[in-house]
$ cat upload_22.txt   # compact mmCIF, C-alpha atoms
# COMPACT_ATOMS: atom_id res chain seq x y z
CA MET A 160 0.00 0.00 0.00
CA LYS A 161 1.61 3.25 -1.17
CA THR A 162 -1.11 5.64 -0.01
CA PHE A 163 -3.93 5.51 2.49
CA THR A 164 -6.44 8.33 2.19
CA SER A 165 -9.78 6.49 2.31
CA ILE A 166 -11.19 3.56 4.27
CA LYS A 167 -12.19 2.04 0.92
CA GLN A 168 -8.53 1.34 0.15
CA LEU A 169 -8.68 -1.45 2.74
CA GLY A 170 -10.84 -3.54 0.42
CA ASP A 171 -13.12 -6.14 1.98
CA ILE A 172 -14.14 -4.65 5.32
CA LYS A 173 -14.69 -7.99 7.08
CA GLN A 174 -11.14 -9.02 6.25
CA ALA A 175 -9.81 -5.61 7.26
CA LEU A 176 -11.54 -5.84 10.64
CA ALA A 177 -10.16 -9.35 11.13
CA GLU A 178 -6.65 -8.07 10.38
CA ALA A 179 -7.10 -5.26 12.91
CA ALA A 180 -8.32 -7.72 15.54
CA TRP A 181 -5.17 -9.82 14.99
CA VAL A 182 -2.95 -6.75 15.36
CA LYS A 183 -4.76 -5.83 18.56
CA ASP A 184 -4.09 -9.29 20.00
CA ASN A 185 -0.48 -9.34 18.76
CA PRO A 186 0.79 -5.74 19.03
CA PHE A 187 4.51 -6.58 19.00
CA ALA A 188 4.54 -9.45 16.50
CA ASP A 189 5.80 -7.36 13.57
CA GLN A 190 8.60 -5.30 15.12
CA ASP A 191 11.07 -6.40 12.46
CA LEU A 192 8.96 -4.74 9.75
CA GLY A 193 9.86 -1.25 10.93
CA ARG A 194 13.44 -1.81 11.97
CA ASN A 195 15.69 0.97 10.60
CA LYS A 196 12.64 2.66 9.05
CA THR A 197 11.51 6.18 9.94
CA LEU A 198 7.99 7.58 10.10
CA LEU A 199 7.64 11.35 9.68
CA MET A 200 4.40 12.72 11.13
CA VAL A 201 3.56 16.18 9.76
CA PHE A 202 0.90 18.22 11.55
CA PHE A 203 -0.67 21.34 10.07
CA ASN A 204 -3.29 21.16 12.84
CA ASN A 205 -3.57 20.26 16.51
CA SER A 206 -3.75 16.64 17.59
CA LEU A 207 -3.90 14.48 20.71
CA ARG A 208 -5.23 10.99 19.87
CA THR A 209 -3.90 10.92 16.32
CA ARG A 210 -0.44 12.02 17.37
CA LEU A 211 -0.11 9.66 20.33
CA SER A 212 -1.82 6.64 18.79
CA THR A 213 0.08 6.82 15.48
CA GLN A 214 3.40 7.27 17.23
CA LYS A 215 2.63 4.32 19.51
CA ALA A 216 1.64 2.23 16.48
CA ALA A 217 4.92 3.03 14.74
CA LEU A 218 6.93 2.17 17.85
CA ASN A 219 5.07 -1.16 18.13
CA LEU A 220 6.33 -1.91 14.60
CA GLY A 221 9.91 -1.02 15.51
CA MET A 222 10.01 2.29 13.61
CA ASN A 223 11.82 5.50 14.44
CA VAL A 224 9.46 8.49 14.61
CA ILE A 225 9.95 12.18 13.78
CA VAL A 226 7.14 14.63 14.58
CA LEU A 227 6.90 18.02 12.85
CA ASP A 228 4.42 20.69 13.93
CA VAL A 229 4.37 22.98 10.91
CA ALA A 230 2.86 25.91 12.81
CA GLN A 231 5.42 25.77 15.63
CA GLY A 232 8.52 23.98 14.44
CA ALA A 233 9.05 25.05 10.84
CA TRP A 234 9.18 28.05 8.53
CA LYS A 235 5.80 29.39 7.50
CA LEU A 236 4.92 27.54 4.33
CA GLU A 237 3.44 28.89 1.12
CA THR A 238 1.10 26.43 -0.59
CA GLU A 239 0.04 28.29 -3.74
CA ARG A 240 1.98 28.32 -7.01
CA GLY A 241 2.76 31.59 -8.74
CA VAL A 242 2.75 33.64 -5.55
CA VAL A 243 5.33 36.40 -5.08
CA MET A 244 6.71 35.38 -1.69
CA ASP A 245 7.26 38.83 -0.25
CA GLY A 246 5.17 38.24 2.88
CA ASP A 247 5.67 36.26 6.08
CA LYS A 248 6.01 32.85 4.38
CA SER A 249 9.66 31.90 4.00
CA GLU A 250 9.49 28.50 2.29
CA HIS A 251 7.34 26.92 -0.37
CA LEU A 252 5.70 23.59 0.24
CA LEU A 253 7.05 22.33 -3.10
CA GLU A 254 10.62 22.53 -1.77
CA ALA A 255 9.72 21.51 1.77
CA ILE A 256 7.92 18.31 0.75
CA PRO A 257 10.79 16.57 -1.08
CA VAL A 258 13.16 17.62 1.70
CA MET A 259 10.86 15.98 4.25
CA GLY A 260 10.66 12.89 2.06
CA SER A 261 14.46 12.60 2.00
CA TYR A 262 14.50 12.19 5.80
CA CYS A 263 12.02 9.32 6.15
CA ASP A 264 10.48 6.17 4.72
CA VAL A 265 6.78 6.88 5.35
CA ILE A 266 4.90 10.15 5.85
CA GLY A 267 1.73 10.68 7.88
CA LEU A 268 -0.03 13.99 7.17
CA ARG A 269 -2.70 15.92 9.07
CA SER A 270 -4.22 18.88 7.23
CA PHE A 271 -7.77 20.04 7.92
CA ALA A 272 -10.22 21.80 5.64
CA ARG A 273 -9.54 25.53 5.55
CA PHE A 274 -13.08 26.54 4.57
CA GLU A 275 -11.60 29.10 2.16
CA SER A 276 -12.47 27.13 -0.98
CA LYS A 277 -14.72 24.08 -1.22
CA GLU A 278 -12.95 23.13 -4.46
CA ASP A 279 -9.47 23.20 -2.88
CA ASP A 280 -10.62 21.34 0.22
CA TYR A 281 -12.49 18.63 -1.67
CA ASN A 282 -9.61 18.23 -4.13
CA GLU A 283 -7.29 17.67 -1.13
CA VAL A 284 -4.66 20.05 -2.50
CA ILE A 285 -2.11 19.74 0.33
CA LEU A 286 -2.48 15.97 0.79
CA ASN A 287 -2.08 15.37 -2.94
CA GLN A 288 1.01 17.58 -3.07
CA PHE A 289 2.64 15.33 -0.46
CA ILE A 290 1.65 12.23 -2.42
CA ARG A 291 3.00 13.72 -5.67
CA TYR A 292 6.24 15.34 -4.51
CA SER A 293 7.50 13.47 -1.42
CA GLY A 294 8.60 10.31 -3.21
CA LYS A 295 7.47 8.27 -0.18
CA PRO A 296 4.33 6.39 0.88
CA VAL A 297 1.84 8.81 2.43
CA PHE A 298 -1.12 8.19 4.70
CA SER A 299 -3.75 10.58 5.98
CA MET A 300 -3.93 11.39 9.68
CA GLU A 301 -7.05 13.45 8.79
CA ALA A 302 -7.42 15.53 5.70
CA ALA A 303 -9.98 18.03 4.49
CA THR A 304 -12.59 15.46 3.49
CA ARG A 305 -11.81 12.20 5.31
CA HIS A 306 -10.34 10.76 8.51
CA PRO A 307 -9.81 7.11 7.54
CA LEU A 308 -7.78 6.02 10.59
CA GLN A 309 -10.63 7.23 12.81
CA THR A 310 -13.21 5.42 10.71
CA TYR A 311 -11.22 2.19 10.82
CA ALA A 312 -11.11 2.41 14.62
CA ASP A 313 -14.83 3.27 14.73
CA LEU A 314 -15.82 0.23 12.69
CA LEU A 315 -13.57 -2.01 14.79
CA THR A 316 -15.22 -0.67 17.94
CA ILE A 317 -18.70 -1.41 16.59
CA GLU A 318 -17.59 -4.87 15.49
CA GLU A 319 -16.29 -5.62 19.00
CA HIS A 320 -19.47 -4.49 20.77
CA ARG A 321 -22.32 -5.41 18.43
CA THR A 322 -24.67 -8.20 19.54
CA LYS A 323 -26.78 -8.25 16.37
CA GLU A 324 -25.93 -9.41 12.89
CA ARG A 325 -27.22 -6.11 11.52
CA PRO A 326 -27.06 -3.42 14.20
CA LYS A 327 -28.69 -0.05 13.69
CA VAL A 328 -26.03 2.68 13.65
CA VAL A 329 -27.03 6.35 13.78
CA LEU A 330 -24.71 9.21 12.91
CA THR A 331 -26.28 12.33 14.38
CA TRP A 332 -25.29 15.96 13.98
CA ALA A 333 -24.98 17.86 17.26
CA PRO A 334 -24.45 21.56 17.98
CA HIS A 335 -21.04 23.22 18.29
CA PRO A 336 -19.94 26.86 18.66
CA LYS A 337 -17.52 26.73 15.72
CA ALA A 338 -17.55 25.51 12.13
CA LEU A 339 -16.03 22.02 12.02
CA PRO A 340 -14.90 20.07 8.92
CA GLN A 341 -16.95 17.26 7.42
CA ALA A 342 -13.98 14.85 7.42
CA VAL A 343 -15.09 12.57 10.28
CA PRO A 344 -18.76 12.24 9.27
CA ASN A 345 -17.83 11.90 5.57
CA SER A 346 -15.36 9.16 6.37
CA PHE A 347 -17.69 7.37 8.80
CA ALA A 348 -20.48 7.36 6.22
CA GLU A 349 -18.05 6.02 3.62
CA GLY A 350 -16.96 3.26 5.98
CA MET A 351 -20.52 2.32 6.88
CA SER A 352 -21.30 1.94 3.17
CA MET A 353 -18.82 -0.96 3.13
CA THR A 354 -20.82 -2.88 5.75
CA ASP A 355 -24.29 -4.44 5.65
CA TRP A 356 -25.30 -2.70 8.88
CA ASP A 357 -28.41 -0.52 9.11
CA PHE A 358 -27.14 3.06 8.81
CA VAL A 359 -29.05 6.30 9.37
CA ILE A 360 -27.78 9.89 9.28
CA ALA A 361 -29.72 12.56 11.19
CA ASN A 362 -29.01 16.24 10.69
CA PRO A 363 -30.90 19.53 10.49
CA GLU A 364 -31.92 21.09 7.19
CA GLY A 365 -28.90 22.58 5.44
CA TYR A 366 -26.44 20.06 6.91
CA ASP A 367 -26.70 17.18 4.44
CA LEU A 368 -23.25 15.78 3.68
CA ALA A 369 -21.81 15.47 0.17
CA PRO A 370 -23.77 12.76 -1.70
CA GLU A 371 -20.55 11.00 -2.73
CA PHE A 372 -20.09 9.94 0.91
CA THR A 373 -23.68 9.18 1.95
CA CYS A 374 -24.67 6.91 -0.92
CA GLY A 375 -26.85 4.12 0.47
CA ALA A 376 -27.53 5.77 3.83
CA ARG A 377 -30.97 6.75 5.04
CA ILE A 378 -30.98 10.48 5.76
CA THR A 379 -33.50 12.22 8.00
CA HIS A 380 -33.90 15.66 9.51
CA ASN A 381 -35.75 14.19 12.50
CA GLN A 382 -33.27 13.12 15.18
CA ASP A 383 -35.84 11.42 17.44
CA GLU A 384 -37.08 9.31 14.53
CA ALA A 385 -33.53 8.25 13.71
CA LEU A 386 -32.69 7.30 17.29
CA GLU A 387 -35.62 4.92 17.72
CA GLY A 388 -34.26 1.40 18.17
CA ALA A 389 -30.63 2.40 17.56
CA ASP A 390 -27.83 0.14 18.80
CA PHE A 391 -25.03 2.69 18.33
CA VAL A 392 -25.26 6.48 18.39
CA TYR A 393 -22.33 8.38 16.89
CA ALA A 394 -22.61 12.10 17.63
CA LYS A 395 -20.58 14.62 15.65
CA ASN A 396 -20.83 18.22 14.58
CA TRP A 397 -20.03 19.39 11.07
CA ALA A 398 -20.40 22.68 9.24
CA SER A 399 -22.72 23.00 6.28
CA TYR A 400 -21.59 21.49 2.99
CA SER A 401 -24.15 23.27 0.79
CA SER A 402 -23.45 26.64 2.46
CA TYR A 403 -19.84 25.64 2.71
CA GLY A 404 -18.21 26.08 6.10
CA LYS A 405 -21.13 27.98 7.59
CA VAL A 406 -22.74 27.49 11.01
CA LEU A 407 -26.45 27.52 10.23
CA SER A 408 -27.68 26.26 13.59
CA GLN A 409 -26.68 25.78 17.20
CA ASP A 410 -29.97 24.13 18.13
CA ARG A 411 -29.40 22.58 21.57
CA SER A 412 -32.34 20.22 21.07
CA TRP A 413 -29.91 18.11 19.01
CA THR A 414 -27.59 17.57 22.02
CA VAL A 415 -27.41 13.86 22.87
CA THR A 416 -28.91 13.54 26.35
CA SER A 417 -30.18 10.66 28.46
CA GLU A 418 -33.68 11.49 27.21
CA LYS A 419 -32.47 11.09 23.63
CA MET A 420 -30.67 7.84 24.43
CA ALA A 421 -33.87 6.49 26.03
CA LEU A 422 -35.33 6.38 22.51
CA THR A 423 -32.70 3.82 21.49
CA ASP A 424 -32.38 0.09 22.13
CA ASN A 425 -29.96 0.69 25.05
CA ALA A 426 -27.49 2.02 22.50
CA PHE A 427 -23.78 2.56 22.90
CA PHE A 428 -22.60 6.17 22.58
CA MET A 429 -19.65 7.04 20.32
CA HIS A 430 -17.66 10.17 19.53
CA CYS A 431 -14.21 10.65 18.02
CA LEU A 432 -13.11 13.21 20.68
CA PRO A 433 -12.39 15.91 21.64
CA VAL A 434 -16.00 16.59 22.58
CA ARG A 435 -17.80 19.68 23.89
CA ARG A 436 -19.66 18.37 26.93
CA ASN A 437 -23.26 19.50 27.36
CA MET A 438 -23.25 20.80 23.81
CA ILE A 439 -22.54 17.66 21.78
CA VAL A 440 -23.39 15.25 24.61
CA SER A 441 -24.48 15.53 28.22
CA ASP A 442 -22.21 14.52 31.10
CA ASP A 443 -24.37 11.58 32.13
CA VAL A 444 -24.33 10.04 28.63
CA ILE A 445 -20.59 10.31 28.01
CA GLU A 446 -19.83 9.03 31.52
CA SER A 447 -22.28 6.14 31.36
CA SER A 448 -21.38 2.46 31.09
CA ARG A 449 -22.66 2.54 27.50
CA SER A 450 -20.12 5.15 26.41
CA LEU A 451 -17.45 3.79 24.07
CA VAL A 452 -15.38 6.95 23.64
CA ILE A 453 -12.35 5.55 25.50
CA PRO A 454 -12.30 2.09 23.82
CA GLU A 455 -12.86 3.89 20.51
CA ALA A 456 -9.85 6.13 21.14
CA SER A 457 -7.76 3.15 22.23
CA ASN A 458 -8.51 1.42 18.93
CA ARG A 459 -6.80 4.30 17.14
CA VAL A 460 -3.49 2.56 17.89
CA VAL A 461 -4.81 -0.58 16.24
CA SER A 462 -6.08 1.13 13.10
CA ALA A 463 -2.85 3.09 12.64
CA GLN A 464 -0.69 0.02 13.25
CA THR A 465 -2.66 -2.12 10.80
CA VAL A 466 -2.35 0.52 8.09
CA LEU A 467 1.36 1.13 8.76
CA LYS A 468 1.95 -2.62 8.60
CA LYS A 469 0.38 -2.71 5.14
CA MET A 470 2.60 0.18 4.03
CA LEU A 471 5.75 -1.53 5.28
CA ILE A 472 5.15 -4.95 3.76

$ encode --input "upload_22.txt" --output "structure tokens"
Amino acid sequence: MKTFTSIKQLGDIKQALAEAAWVKDNPFADQDLGRNKTLLMVFFNNSLRTRLSTQKAALNLGMNVIVLDVAQGAWKLETERGVVMDGDKSEHLLEAIPVMGSYCDVIGLRSFARFESKEDDYNEVILNQFIRYSGKPVFSMEAATRHPLQTYADLLTIEEHRTKERPKVVLTWAPHPKALPQAVPNSFAEGMSMTDWDFVIANPEGYDLAPEFTCGARITHNQDEALEGADFVYAKNWASYSSYGKVLSQDRSWTVTSEKMALTDNAFFMHCLPVRRNMIVSDDVIESSRSLVIPEASNRVVSAQTVLKKMLI
């Protein structure tokens, strides 16, 4: 595997989940794969789980790890061609990328949507520049449109906790004070399309995701209707896609509370973290015995390690 930017690159999802389960049970079995190999993790944005879990995954495989925070530990980078660089940006990404590639064997990149141009974000300009110019295998640690390592961990978490052949999984929008990218919900919807599970997306009017990601999902603007009989509830905020990057609503009636969860079939609660308590989800729900946010985060090591293993073989 030379690139990993979408959960669909894993192929058959049942096999991919079985591979992840094996890695979880045998975390140190492949340490020779990464011996004398270096992973460079490049962050254009903040990170906690992605940074720690991916670094841990690389160490489990015997790799050396270099971490670069572009905003704090490098020159300010220009990303556009044809720009007269007479401002505060000292280096162009097109020189920086091949230099980075010369120092490592694999690159992990984190670069969020900027909400300046839907076209640039959905064409993944920065991610594709790394793929084109680094000369090394590149995987996404969250890009403008997808977060495949998170989705892989999410699906593994559902697989580990489901008690039905075809559980009902609900992805529900929830309010947030800022405009957040669509990467996590896009990617989760894409991953769910690879399963035969019952999948419903609930969001207010104006918040429908891009159709390319939600193909096959049932979409409703009635959260209570969606939650009825659910086995898993995945809460997440995202900004509008049609009115790109805009916050159209902060309707607190969409917050996932114990009253909302009572509509479900004793569902598990999921969120990728970090989460705004009592805006996305109430304290009692996230702290309940049915909350999977910690196991879900723990599985981020497994998803990263399984993908890195595929890139090293």

$ closest_atom_pairs --input "upload_22.txt" --of "segment 341-434 of chain A" --to "segment 207-214 of chain A" --cutoff "10 Å" --atoms "only C-alpha atoms" --output "CSV"
residue,atom,partner,partner_atom,distance
A:Cys431,CA,A:Arg208,CA,9.2
A:Leu432,CA,A:Arg208,CA,8.2
A:Pro433,CA,A:Leu207,CA,8.7

$ write_last_selection --input "upload_22.txt" --atoms "C-alpha atoms" --output "short mmCIF file (atom, residue, chain, number, x, y, z; two decimals), keeping the file's coordinate frame"
data_model
loop_
_atom_site.label_atom_id
_atom_site.label_comp_id
_atom_site.auth_asym_id
_atom_site.auth_seq_id
_atom_site.Cartn_x
_atom_site.Cartn_y
_atom_site.Cartn_z
CA CYS A 431 -14.21 10.65 18.02
CA LEU A 432 -13.11 13.21 20.68
CA PRO A 433 -12.39 15.91 21.64
#

$ closest_residue --input "upload_22.txt" --among "A:Ala398, A:Val392, A:Ala230, A:Gln168" --to "Asp367 of chain A" --atoms "only C-alpha atoms"
A:Ala398

$ residues_around --input "upload_22.txt" --residues "Arg273 of chain A" --least-positions-apart "6" --cutoff "9 Å" --atoms "all atoms listed in the file" --output "PyMOL selection string"
chain A and resi 279-280+303+340+404

$ residues_near_point --input "upload_22.txt" --point "(-20.8, 16.7, 13.4)" --cutoff "8 Å" --atoms "all atoms listed in the file" --output "list in words"
Thr331, Trp332, Ala333, Pro334, Leu339, Gln341, Val343, Pro344, Ala394, Lys395, Asn396, Trp397 and Ala398 of chain A

$ closest_atom_pairs --input "upload_22.txt" --of "segment 290-360 of chain A" --to "segment 241-253 of chain A" --cutoff "12 Å" --atoms "all atoms listed in the file" --output "tab-separated table"
residue	atom	partner	partner_atom	distance
A:Ile290	CA	A:Leu253	CA	11.5
A:Arg291	CA	A:Leu253	CA	9.9
A:Tyr292	CA	A:Leu253	CA	7.2
A:Ser293	CA	A:Leu253	CA	9.0

$ closest_residue --input "upload_22.txt" --among "A:Val284, A:Ala342, A:Ile439, A:Ala385" --to "Arg240 of chain A" --atoms "all atoms listed in the file"
A:Val284

$ atom_distance --input "upload_22.txt" --atom1 "atom CA of Glu319 of chain A" --atom2 "atom CA of Glu178 of chain A"
13.2 Å

$ atom_distance --input "upload_22.txt" --atom1 "atom CA of Met160 of chain A" --atom2 "atom CA of Asn205 of chain A"
26.4 Å

$ atom_distance --input "upload_22.txt" --atom1 "atom CA of Lys419 of chain A" --atom2 "atom CA of Ala389 of chain A"
10.8 Å

$ closest_residue --input "upload_22.txt" --among "A:Thr354, A:Asn381, A:Asn362, A:Gln409" --to "Lys173 of chain A" --atoms "only C-alpha atoms"
A:Thr354

$ closest_residue --input "upload_22.txt" --among "A:Lys323, A:Lys215, A:Lys235, A:Arg411" --to "Phe187 of chain A" --atoms "all atoms listed in the file"
A:Lys215

$ residues_around --input "upload_22.txt" --residues "Ser270 of chain A" --least-positions-apart "6" --cutoff "7 Å" --atoms "only C-alpha atoms" --output "PyMOL selection string"
chain A and resi 202-204+301-303

$ residues_around --input "upload_22.txt" --residues "Gln309 of chain A" --least-positions-apart "5" --cutoff "12 Å" --atoms "only C-alpha atoms" --output "PyMOL selection string"
chain A and resi 164-166+208-209+212-213+299-302+314-316+342-350+429-432+452+455-463+466

$ residues_around --input "upload_22.txt" --residues "Phe298 of chain A" --least-positions-apart "5" --cutoff "7 Å" --atoms "only C-alpha atoms" --output "ChimeraX atom specification"
/A:162-164,266-268

$ axis_aligned_box --input "upload_22.txt" --around "segment 432-438 of chain A" --padding-each-side "6 Å" --output "lines of an AutoDock Vina configuration file"
center_x = -17.8
center_y = 17.0
center_z = 24.0
size_x = 22.9
size_y = 19.6
size_z = 18.7
